[in-house]
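**Q** The structure file target.txt (compact mmCIF, C-alpha atoms and all ligand atoms) is provided below.
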# COMPACT_ATOMS: atom_id res chain seq x y z
CA MET A 1 116.79 75.85 21.67
CA THR A 2 118.75 78.99 21.00
CA SER A 3 122.33 78.63 19.97
CA SER A 4 123.79 80.24 23.03
CA ARG A 5 127.53 80.08 23.44
CA HIS A 6 127.07 77.81 26.41
CA GLU A 7 125.30 75.19 24.44
CA PRO A 8 128.34 72.98 23.75
CA LEU A 9 127.17 70.47 26.04
CA VAL A 10 127.37 67.95 28.65
CA ALA A 11 126.46 65.50 25.96
CA LEU A 12 126.31 61.87 26.59
CA MET A 13 128.12 58.96 27.87
CA SER A 14 125.58 56.31 27.01
CA GLU A 15 125.27 57.10 23.37
CA THR A 16 128.65 58.28 22.25
CA GLY A 17 128.09 57.32 18.63
CA ASN A 18 125.59 59.79 17.27
CA ARG A 19 125.78 62.50 19.71
CA SER A 20 129.46 63.09 20.11
CA LYS A 21 129.84 62.77 16.36
CA GLY A 22 127.28 65.50 15.88
CA ILE A 23 129.13 67.77 18.21
CA LEU A 24 132.50 67.07 16.71
CA GLU A 25 131.25 67.74 13.24
CA GLY A 26 129.49 70.91 14.23
CA ALA A 27 132.25 72.66 16.09
CA VAL A 28 135.85 73.50 15.57
CA HIS A 29 137.70 71.97 18.40
CA ARG A 30 140.94 72.90 19.92
CA THR A 31 143.19 71.20 22.37
CA ALA A 32 143.70 72.28 25.93
CA SER A 33 145.58 75.48 26.21
CA LEU A 34 149.00 74.25 26.99
CA PRO A 35 148.91 72.39 30.26
CA TRP A 36 152.18 72.52 32.16
CA ARG A 37 153.38 70.14 34.79
CA ARG A 38 155.43 71.03 37.77
CA SER A 39 157.37 67.80 37.40
CA GLN A 40 158.67 69.00 34.07
CA TRP A 41 160.10 72.05 35.70
CA LYS A 42 161.62 69.97 38.45
CA GLU A 43 163.25 67.64 35.99
CA ARG A 44 164.85 70.55 34.25
CA GLY A 45 166.04 72.20 37.44
CA MET A 46 163.95 75.32 37.15
CA VAL A 47 166.10 78.43 37.00
CA ARG A 48 164.29 81.67 36.47
CA ASP A 49 166.82 83.14 34.08
CA ARG A 50 167.39 80.07 31.97
CA PRO A 51 166.30 80.41 28.36
CA ARG A 52 162.93 79.01 27.37
CA CYS A 53 161.86 77.13 24.31
CA SER A 54 160.73 79.52 21.58
CA TYR A 55 157.94 77.12 20.67
CA CYS A 56 156.50 75.73 23.91
CA GLY A 57 157.84 78.07 26.59
CA MET A 58 159.48 75.37 28.71
CA VAL A 59 162.86 76.02 30.30
CA VAL A 60 165.36 74.37 27.97
CA PRO A 61 167.71 71.69 29.28
CA GLU A 62 171.02 72.94 30.56
CA GLY A 63 173.76 73.35 27.98
CA GLN A 64 171.33 73.64 25.07
CA GLU A 65 172.74 75.87 22.35
CA GLY A 66 170.73 78.62 20.73
CA VAL A 67 170.08 78.70 17.01
CA THR A 68 169.70 81.75 14.82
CA ARG A 69 166.33 82.31 13.22
CA HIS A 70 165.08 85.59 11.78
CA GLU A 71 168.28 87.28 13.02
CA GLU A 72 167.48 86.33 16.61
CA ILE A 73 168.80 83.61 18.86
CA HIS A 74 166.17 81.00 19.70
CA PHE A 75 166.31 78.07 22.06
CA PHE A 76 164.31 74.87 21.80
CA CYS A 77 163.66 72.19 24.36
CA GLY A 78 163.95 69.52 21.71
CA ARG A 79 164.03 68.76 18.04
CA GLU A 80 160.28 68.46 17.75
CA CYS A 81 159.72 72.01 18.99
CA GLN A 82 162.39 73.31 16.63
CA LEU A 83 160.80 71.54 13.66
CA ARG A 84 157.36 72.88 14.50
CA PHE A 85 158.78 76.37 14.94
CA ASP A 86 160.43 76.26 11.51
CA LEU A 87 157.37 74.74 9.89
CA GLN A 88 154.88 77.28 11.22
CA GLY A 89 156.87 80.41 10.42
CA PRO A 90 155.58 83.74 11.77
CA THR A 91 152.69 82.06 13.61
CA ALA A 92 155.16 80.06 15.66
CA ARG A 93 157.10 83.20 16.57
CA LEU A 94 153.98 84.93 17.83
CA ARG A 95 152.88 81.80 19.65
CA GLY A 96 156.33 81.41 21.19
CA GLU A 97 156.31 84.98 22.53
CA VAL A 98 152.91 84.56 24.19
CA VAL A 99 153.60 81.09 25.49
CA ARG A 100 156.88 82.13 27.08
CA ARG A 101 155.14 84.97 28.88
CA ARG A 102 152.47 82.57 30.02
CA ALA A 103 155.01 80.03 31.20
CA VAL A 104 156.78 82.61 33.37
CA ILE A 105 153.47 83.46 35.10
CA ILE A 106 152.55 79.82 35.65
CA ASP A 107 156.03 79.22 36.96
CA TYR A 108 155.59 82.10 39.40
CA MET A 109 152.23 80.79 40.55
CA GLU A 110 153.61 77.30 41.11
CA GLU A 111 156.42 78.68 43.23
CA ALA A 112 154.10 80.93 45.22
CA ARG A 113 151.46 78.25 45.82
CA GLY A 114 153.71 75.20 45.98
CA SER A 115 151.41 73.55 43.51
CA SER A 116 151.23 72.20 40.03
CA VAL A 117 149.28 74.71 37.95
CA ILE A 118 147.35 73.26 35.03
CA THR A 119 145.22 75.26 32.62
CA LEU A 120 142.15 74.32 30.65
CA VAL A 121 141.22 77.52 28.87
CA HIS A 122 138.96 77.62 25.85
CA ARG A 123 139.59 80.94 24.33
CA ARG A 124 140.74 82.21 21.01
CA GLU A 125 144.52 82.61 20.85
CA SER A 126 146.17 85.56 19.14
CA TRP A 127 147.73 83.20 16.59
CA ASP A 128 144.43 81.58 15.62
CA GLU A 129 143.56 82.74 12.16
CA GLU A 130 139.83 82.29 12.43
CA GLU A 131 137.20 82.66 15.10
CA LYS A 132 137.10 79.46 17.11
CA GLU A 133 135.24 78.43 20.17
CA GLY A 134 136.71 75.55 22.06
CA TYR A 135 134.99 73.04 24.27
CA ILE A 136 136.12 70.12 26.38
CA THR A 137 137.24 67.30 24.09
CA MET A 138 138.65 63.83 24.68
CA GLU A 139 142.01 65.26 23.68
CA ASP A 140 141.70 67.80 26.48
CA SER A 141 140.89 65.07 28.96
CA GLU A 142 144.01 63.10 28.00
CA ALA A 143 146.22 66.16 28.41
CA ILE A 144 144.69 67.23 31.72
CA VAL A 145 144.54 63.76 33.26
CA ALA A 146 148.19 63.25 32.29
CA ALA A 147 149.09 66.60 33.85
CA ILE A 148 147.28 65.74 37.11
CA ARG A 149 149.03 62.36 37.25
CA GLY A 150 152.31 64.05 36.42
CA ALA A 151 151.99 66.40 39.41
CA GLY A 152 152.79 63.51 41.74
CA SER A 153 150.68 62.41 44.69
CA ASP A 154 152.17 64.85 47.20
CA THR A 155 151.84 68.01 45.10
CA PRO A 156 148.63 70.05 45.26
CA VAL A 157 146.97 70.68 41.93
CA ASP A 158 145.54 74.03 40.82
CA LEU A 159 143.41 73.72 37.72
CA ILE A 160 142.56 77.04 36.07
CA LEU A 161 139.32 76.46 34.25
CA HIS A 162 137.64 78.63 31.64
CA THR A 163 135.24 76.75 29.40
CA PRO A 164 131.70 76.64 28.03
CA GLY A 165 131.64 72.87 28.70
CA GLY A 166 131.94 70.00 26.26
CA LEU A 167 131.78 66.25 26.05
CA ALA A 168 130.44 64.65 29.21
CA LEU A 169 132.82 61.73 29.13
CA ALA A 170 135.83 64.01 28.77
CA ALA A 171 134.66 66.19 31.68
CA GLU A 172 134.03 63.10 33.80
CA LEU A 173 137.54 61.77 33.22
CA ILE A 174 139.05 65.06 34.38
CA ALA A 175 136.69 65.20 37.39
CA MET A 176 137.68 61.65 38.35
CA ALA A 177 141.38 62.47 38.13
CA LEU A 178 140.84 65.46 40.44
CA LYS A 179 138.84 63.43 42.94
CA HIS A 180 141.46 60.68 42.96
CA HIS A 181 144.40 63.04 43.36
CA GLU A 182 145.80 62.52 46.84
CA ALA A 183 147.07 66.02 47.58
CA HIS A 184 144.79 69.08 47.78
CA THR A 185 143.02 70.09 44.59
CA THR A 186 141.76 73.55 43.72
CA VAL A 187 139.77 74.57 40.69
CA ILE A 188 140.14 78.25 39.87
CA VAL A 189 137.34 79.83 37.84
CA PRO A 190 138.28 83.39 36.83
CA PHE A 191 135.14 83.90 34.72
CA TYR A 192 133.03 80.87 33.91
CA ALA A 193 133.10 77.09 33.81
CA MET A 194 129.77 75.97 32.45
CA SER A 195 128.22 72.56 32.00
CA GLY A 196 131.05 69.97 31.85
CA GLY A 197 133.31 72.67 33.33
CA SER A 198 131.06 72.85 36.38
CA LEU A 199 131.25 69.09 36.76
CA ILE A 200 135.03 69.39 36.92
CA ALA A 201 134.85 72.27 39.39
CA ILE A 202 132.72 70.43 41.94
CA ALA A 203 135.20 67.54 41.94
CA ALA A 204 137.89 69.70 43.55
CA ASP A 205 138.54 70.04 47.29
CA GLU A 206 138.16 73.79 46.87
CA VAL A 207 136.82 76.17 44.22
CA LEU A 208 138.18 79.70 43.93
CA MET A 209 136.06 82.11 41.94
CA GLY A 210 135.91 85.78 41.09
CA ARG A 211 132.99 87.71 42.54
CA GLU A 212 131.21 87.57 39.17
CA SER A 213 132.42 84.10 38.18
CA ILE A 214 129.80 81.51 37.42
CA LEU A 215 129.22 77.81 37.09
CA GLY A 216 126.22 76.32 35.29
CA PRO A 217 123.73 73.46 35.47
CA LEU A 218 124.71 69.90 34.58
CA ASP A 219 121.54 68.65 32.98
CA PRO A 220 122.55 66.44 30.05
CA GLN A 221 121.69 67.91 26.66
CA ILE A 222 120.16 65.64 24.07
CA ARG A 223 119.89 67.02 20.56
CA GLY A 224 119.78 70.48 22.02
CA PHE A 225 117.11 69.69 24.62
CA SER A 226 117.62 69.31 28.32
CA ALA A 227 117.05 65.75 29.50
CA GLY A 228 114.58 67.01 32.11
CA THR A 229 112.56 68.88 29.50
CA LEU A 230 112.31 65.79 27.29
CA LEU A 231 111.07 63.76 30.22
CA ARG A 232 108.51 66.28 31.32
CA LEU A 233 107.02 66.43 27.83
CA LEU A 234 106.38 62.73 28.20
CA GLN A 235 104.14 63.37 31.17
CA ARG A 236 102.05 65.92 29.32
CA LYS A 237 100.75 63.66 26.53
CA PRO A 238 99.19 60.22 26.44
CA VAL A 239 101.77 57.67 25.34
CA GLU A 240 99.97 56.85 22.04
CA MET A 241 100.37 60.50 21.01
CA ILE A 242 104.14 60.38 21.41
CA SER A 243 106.41 59.37 18.55
CA ASP A 244 108.71 56.36 18.88
CA GLU A 245 111.66 58.66 18.39
CA HIS A 246 110.65 60.84 21.29
CA LEU A 247 110.11 57.81 23.47
CA LEU A 248 113.58 56.54 22.67
CA LEU A 249 115.08 59.97 23.28
CA ALA A 250 113.27 60.18 26.59
CA GLU A 251 114.66 56.82 27.60
CA ASN A 252 118.15 58.06 26.87
CA ALA A 253 117.41 61.27 28.69
CA GLN A 254 116.39 59.36 31.79
CA ARG A 255 119.52 57.22 31.70
CA SER A 256 121.81 60.21 31.16
CA MET A 257 120.17 62.18 33.89
CA ASP A 258 120.34 59.32 36.41
CA GLN A 259 123.92 58.63 35.50
CA THR A 260 125.01 62.27 35.80
CA LYS A 261 123.17 62.63 39.08
CA GLU A 262 124.86 59.55 40.55
CA PHE A 263 128.20 60.77 39.30
CA VAL A 264 127.69 64.17 40.92
CA LYS A 265 126.77 62.53 44.22
CA TRP A 266 129.86 60.36 44.04
CA LEU A 267 132.04 63.42 43.39
CA LEU A 268 130.58 65.12 46.46
CA GLU A 269 130.80 62.06 48.71
CA ASP A 270 133.65 63.27 50.89
CA LYS A 271 132.53 66.90 50.91
CA LEU A 272 128.84 67.08 51.74
CA SER A 273 126.32 65.22 53.88
CA LYS A 274 124.03 62.74 52.13
CA GLN A 275 121.13 65.15 52.22
CA LYS A 276 123.12 68.05 50.80
CA ARG A 277 124.63 65.87 48.09
CA GLU A 278 121.19 64.79 46.99
CA ALA A 279 119.86 68.35 47.01
CA LEU A 280 122.77 69.73 45.00
CA ALA A 281 122.68 66.83 42.52
CA VAL A 282 118.96 67.41 41.86
CA PHE A 283 119.48 71.16 41.55
CA LEU A 284 122.32 70.75 39.05
CA THR A 285 121.07 67.86 36.93
CA GLY A 286 117.27 68.00 37.09
CA GLY A 287 116.79 70.49 34.26
CA TYR A 288 114.59 72.76 36.38
CA ILE A 289 116.67 75.75 35.43
CA SER A 290 117.87 76.51 31.92
CA HIS A 291 121.25 75.12 30.87
CA GLU A 292 122.57 78.67 30.52
CA THR A 293 121.59 79.79 34.00
CA PRO A 294 124.55 81.42 35.76
CA ILE A 295 125.16 79.90 39.20
CA VAL A 296 127.01 82.35 41.40
CA PRO A 297 129.39 81.58 44.30
CA GLU A 298 126.79 82.43 47.01
CA VAL A 299 124.37 79.83 45.65
CA LEU A 300 127.07 77.16 45.55
CA ARG A 301 128.12 77.99 49.09
CA GLY A 302 124.48 77.79 50.13
CA TYR A 303 124.52 74.16 49.03
CA GLY A 304 127.61 73.60 51.16
CA LEU A 305 130.26 73.53 48.44
CA PRO A 306 133.75 74.70 49.49
CA VAL A 307 133.70 77.83 47.32
CA LYS A 308 135.72 80.95 48.09
CA VAL A 309 135.68 84.30 46.36
CA GLY A 310 139.15 85.56 45.50
CA LEU A 311 141.58 84.65 42.75
CA PRO A 312 145.24 83.85 43.41
CA GLU A 313 147.86 86.29 42.27
CA GLY A 314 148.93 85.63 38.70
CA VAL A 315 145.54 84.60 37.33
CA GLU A 316 144.75 88.03 36.00
CA ALA A 317 148.16 88.37 34.37
CA LEU A 318 147.73 84.94 32.89
CA PHE A 319 144.45 85.94 31.29
CA ASP A 320 146.08 89.04 29.84
CA THR A 321 148.12 86.67 27.70
CA PHE A 322 144.91 85.29 26.24
CA VAL A 323 143.70 88.68 25.11
CA PHE A 324 143.58 88.94 21.37
CA GLY A 325 146.02 91.63 20.32
CA ALA A 326 148.68 92.67 22.77
CA CYS A 327 147.85 96.38 22.92
CA GLU A 328 145.48 97.93 25.36
CA ARG A 329 142.18 98.97 23.90
CA PRO A 330 141.76 102.71 23.37
ZN ZN B 1 159.63 73.23 23.43
Would you put the structure from the file into structure tokens?
Ligand SMILES: [Zn+2]
**A**
Amino acid sequence: MTSSRHEPLVALMSETGNRSKGILEGAVHRTASLPWRRSQWKERGMVRDRPRCSYCGMVVPEGQEGVTRHEEIHFFCGRECQLRFDLQGPTARLRGEVVRRRAVIIDYMEEARGSSVITLVHRRESWDEEEKEGYITMEDSEAIVAAIRGAGSDTPVDLILHTPGGLALAAELIAMALKHHEAHTTVIVPFYAMSGGSLIAIAADEVLMGRESILGPLDPQIRGFSAGTLLRLLQRKPVEMISDEHLLLAENAQRSMDQTKEFVKWLLEDKLSKQKREALAVFLTGGYISHETPIVPEVLRGYGLPVKVGLPEGVEALFDTFVFGACERP
């Protein structure tokens, strides 16, 4: 299989050992891009003009004194942020600038939409020293699940999602948290949410996408092969001609595919009729289309998913803060 950027995979739940280890070793991973929780703002009595933490961008508690660093006054929400800021030097200053800008936008969106805005964005940050490509990790799932819980049961959740995919188990945990959330849930896909990202998207009550935004198939990937492909190879040769290893892989492929398909159907239970659930689950998990196939909003709507084209105000500005280098390109 080619090493497309979307290959970081819906890997496996049934065989965490080898497979997730392989992925973790092979890729640089990065935590979720700073999820914020509305409750944190509430606790602090959000005031637009109150100073924000120079490390994490949160509004600092009332009465917090500024400290002088690099001939500027800086505020910190707590000692930990201050220590990290001092430890990381210039990187922390750059990070702080960007994060504060980002926090103001998220804050605006939360006010405008009356929601808790959470972000899961895998993109290089301007303070990253080397090229990195993130994917959904267990660490991400902890952060995002905590943020969804933290929103409180009566607050709608908006999850802004931008990812090539990642570990299946991590994506499933986030999808479950969205499905279980009592208030309305929206997944916002400004550009793409492939593989595990798509699994998360279909768990929401509503998906908002750009006109060119895409989701992708959910066929489990096993050692770089789609589960469906592995299974079909099995049908093309007599069993004595097939190696033990392939037979074992095929068995895993079958299990993973069945499991993902059932999970998808469960996610769609309260949204689509039985027939439509089945059809969409087969389409997404069966491996009939390549794992990199872009699935556009019209196709998703055709299957009955609650997908709308149009991104809420603030999303574009938010993504500007992810652009490497603050200046406009010539
Ligand atoms: Zn802070």
**Q** To one decimal in Å, tell me the separation between CA of Lys237 (chain A) and CA of Phe283 (chain A).
**A** 25.2 Å
**Q** Please identify the residues whose atoms come within 12 Å of ligand ZN 1 (chain B), using only C-alpha atoms and all ligand atoms, and report them as number ranges by chain.
**A** A: 34, 36, 40, 51-61, 64, 74-85, 92, 95-96, 99-100, 103
**Q** Give me, as a list in words, all polymer residues having an atom no more than 12 Å from Leu247 (chain A), counting all atoms listed in the file and skipping those fewer than 4 positions away in the same chain.
**A**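 In the requested form, the answer reads Leu230, Leu231, Arg232, Leu233, Leu234, Gln235, Lys237, Pro238, Val239, Glu240, Met241, Ile242, Ser243, Glu251, Asn252, Ala253 and Gln254 of chain A.
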**Q** So, with all atoms listed in the file as the atoms that count, which of A:His162, A:His184, A:Arg301, A:Lys308 lies closest to Leu272 (chain A)?
**A**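 Ranked by minimum distance to Leu272 (chain A), first place goes to A:Arg301.
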**Q** I'd like to know which of A:Ala193, A:Ala183, A:Phe322, A:Arg236 is closest to Thr293 (chain A), using only C-alpha atoms.
**A**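 Among the listed residues, A:Ala193 lies closest to Thr293 (chain A).
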**Q** Give the answer as one residue: which of A:Leu311, A:Ala279, A:Met176, A:Ala151 has the shortest atom-to-atom distance to Gly114 (chain A), using only C-alpha atoms?
**A** A:Ala151
**Q** Please work out which residues fall within 10 Å of (162.4, 85.7, 13.5), coordinates as given in the file, with all atoms listed in the file counting, and return them as a list in words.
**A**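 These residues have at least one counted atom within 10 Å: Thr68, Arg69, His70, Glu71, Glu72, Ile73, His74, Asp86, Gly89, Pro90, Ala92, Arg93 and Leu94 of chain A.
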**Q** In Å, how far is it from CA of Thr137 (chain A) to CA of Pro220 (chain A)?
**A** 15.9 Å
**Q** Tell me, as a list in words, which residues lie within 10 Å of Gly210 (chain A), counting all atoms listed in the file; anything in the same chain fewer than 4 positions away does not count.
**A**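 That gives Ile188, Val189, Pro190, Phe191, Tyr192, Ile214, Val296, Pro297, Lys308, Val309, Gly310, Leu311 and Pro312 of chain A.
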**Q** Which value, in Å to one decimal, gives the distance between CA of Glu182 (chain A) and CA of Gly152 (chain A)?
**A**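 These atoms are spaced 8.7 Å apart.
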**Q** Using only C-alpha atoms, which residues sit within 8 Å of region 287-289 of chain A once same-chain residues fewer than 2 positions away are excluded, as a compact mmCIF listing (two decimals) with C-alpha atoms, keeping the file's coordinate frame?
**A**
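Wrote it out as selection00.txt, contents follow:
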# COMPACT_ATOMS: atom_id res chain seq x y z
CA PRO A 217 123.73 73.46 35.47
CA LEU A 218 124.71 69.90 34.58
CA ASP A 219 121.54 68.65 32.98
CA SER A 226 117.62 69.31 28.32
CA ALA A 227 117.05 65.75 29.50
CA GLY A 228 114.58 67.01 32.11
CA THR A 229 112.56 68.88 29.50
CA PHE A 283 119.48 71.16 41.55
CA LEU A 284 122.32 70.75 39.05
CA THR A 285 121.07 67.86 36.93
CA HIS A 291 121.25 75.12 30.87
CA THR A 293 121.59 79.79 34.00
**Q** Quick one: everything within 8 Å of Ala281 (chain A), counting all atoms listed in the file, minus sequence neighbours fewer than 6 positions away in the same chain. Send it as number ranges by chain.
**A** A: 261-262, 264-265
**Q** Tell me, as a list in words, which residues lie within 7 Å of Glu206 (chain A), counting only C-alpha atoms; anything in the same chain fewer than 6 positions away does not count.
**A**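 Counting only the stated atoms, we get Thr185, Thr186, Val187, Pro306 and Val307 of chain A.
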